[in-house]
Amino acid sequence: MKENLYTDKRMNILINKIGLSKEMASLCYEKSKKYCIWLGNQVIKKPTLLSRQNDIDLILDWKKEVQNINLNEFTFDNALKEARKFQDSLFVPNSNSLKNKNVVINCGDYKWVQLLTKQDCKEEGSAMGHCIGNSSHNQRVSSGNSVAFSLRDKFNRPHLTLEAKVKDDKIGKIFEFKGSANGVPNVEYTQYFVKLLKKYNFEGVTDHTFFDSVKNSFQIISDINKFNSTFLPFDFKLEVGLNAFEENSSHLKILEITLNDKVKIPKNTKFYSNLSLTCREVEFEGDMLVGGNLIVKADKKVSFGNNIKVGGNINLSSPQIKNKENLIYFGEIVTN
């Protein structure tokens with residue numbers, strides 16, 4: 001009998017009963033605590049479903065809006081089919097043009113418009129083919145429990161919609177960041193987000209479409225990080241190669257970073273899987289954990305502080321390796 005390692009019984013069901021890996025179970029749980037068991041039962045049959053984030057979002061939005069359905073009666077494909085039908089029924093093309101009002105930032109050919117009323121949200125949803133027009137969204141926006149903005153071109157056509165939480169009159173994290181039909185916004189439009197961030201200073205962002213949009217634009221990522229160093233998640237900054245080592249924890253499956261610079265990894269930094277660094281010089285300050293393998297290639301020097309724990313193998317390649325004796329490891333060590 002497998003031990004129940006998690007306080008939430010749903011995680012134990014996902015891993016011990018359904019048979020998902022810890023990583024896949026966590027993804028299902030983070031996507032929806034309420035419906036993670038249904039999602040887990042779909043994913044165990046077809047693991048690639050976890051890459052279809054837009055389709056999962058569409059199904060979950062449908063379930064939120066239509067209360068008298070039982071997801072357990074649907075396969076993933078059937079649920080997606082019904083969710084698309086429901087979405088199509090909501091977003092009938094609007095014969096009236098969108099109202100050019102509530103402009104909060106003018107960017108020249110583009111402008112940011114704030115959505116304030118239920119009607120604003122419904123018109124945006126009709127034009128964009130996504131769920132901002134649904135009652136759960138437009139009620140939050142009109143009541144002030146969230147804020148929503150639309151990026152419009154000079155013809156007042158929307159290209160990007162975002163929605164962020166509001167608590168105690170403070171704007172929090174962006175949880176919706178969508179292009180047309182819930183798709184990934186073109187990076188051409190995402191560049192204008194920096195101006196909106198500087199005006200409203202959102203706490204952060206959780207929608208995967210934001211990261212998919214900006215992941216190949218180091219300039220946008222750098223501009224955002226310079227203005228608000230806590231807006232982007234630690235793992236994302238590491239993954240795109242932003243020199244963002246700081247006291248934090250990374251849960252990336254594998255982290256591979258190449259930088260023509262000196263890297264200093266501060267104390268109390270934890271990497272729960274493999275870490276591979278190729279740099280000019282690397283300094284590990286100490287009290288660090290690497291859950292998997294550690295691979296370091298340094299052109300000049302690599303040095304270790306106290307209490308560096310590595311759960312797997314270590315491979316070090318550098319002309320100068322200092323304080324190797326401070327390493328605590330459970331695999332093998334190779335030095336070149």
# chains A, B, ... in the order shown; residues from 1 in each chain; ligands from 1
$ select_by_dssp --residues "range 220-285 of chain A" --states "helix (DSSP H, G or I)" --output "MDAnalysis selection string"
chainID A and resid 220:227 234:239
$ residues_around --residues "Leu14 in chain A" --least-positions-apart "2" --cutoff "12 Å" --atoms "only C-alpha atoms" --output "ChimeraX atom specification"
/A:4-6,8-12,16-29,33,35-44
$ residues_around --residues "Tyr200 in chain A" --least-positions-apart "2" --cutoff "10 Å" --atoms "only C-alpha atoms" --output "CSV table (one decimal) with N, CA and C atoms, in the first residue's frame"
chain,number,residue,atom,x,y,z
A,170,LYS,N,-6.5,46.9,-4.2
A,170,LYS,CA,-5.2,46.8,-4.8
A,170,LYS,C,-5.2,45.8,-5.9
A,171,ILE,N,-4.6,46.1,-7.1
A,171,ILE,CA,-4.6,45.2,-8.2
A,171,ILE,C,-3.6,44.1,-8.0
A,172,GLY,N,-4.0,42.9,-8.2
A,172,GLY,CA,-3.2,41.7,-7.9
A,172,GLY,C,-2.6,41.1,-9.2
A,195,LYS,N,3.9,49.2,-21.0
A,195,LYS,CA,3.3,50.5,-20.6
A,195,LYS,C,2.2,50.4,-19.7
A,196,LEU,N,1.3,49.4,-19.9
A,196,LEU,CA,0.2,49.1,-19.0
A,196,LEU,C,0.7,48.7,-17.6
A,197,LEU,N,1.7,47.9,-17.6
A,197,LEU,CA,2.3,47.4,-16.3
A,197,LEU,C,2.9,48.6,-15.5
A,198,LYS,N,3.5,49.5,-16.2
A,198,LYS,CA,4.1,50.7,-15.5
A,198,LYS,C,3.0,51.6,-14.9
A,202,PHE,N,0.8,45.6,-11.9
A,202,PHE,CA,0.2,44.3,-11.5
A,202,PHE,C,1.2,43.5,-10.7
A,203,GLU,N,0.6,42.8,-9.8
A,203,GLU,CA,1.5,42.0,-8.8
A,203,GLU,C,2.2,40.9,-9.5
$ select_by_dssp --residues "range 81-316 of chain A" --states "strand (DSSP E or B)" --output "ChimeraX atom specification"
/A:103-106,111-115,146-152,158-167,170-178,204-205,249-250,254-258,262-265,270-271,274-290,294-310,314-316
$ atom_distance --atom1 "CA of Gly179 in chain A" --atom2 "CA of Ala127 in chain A"
10.9 Å
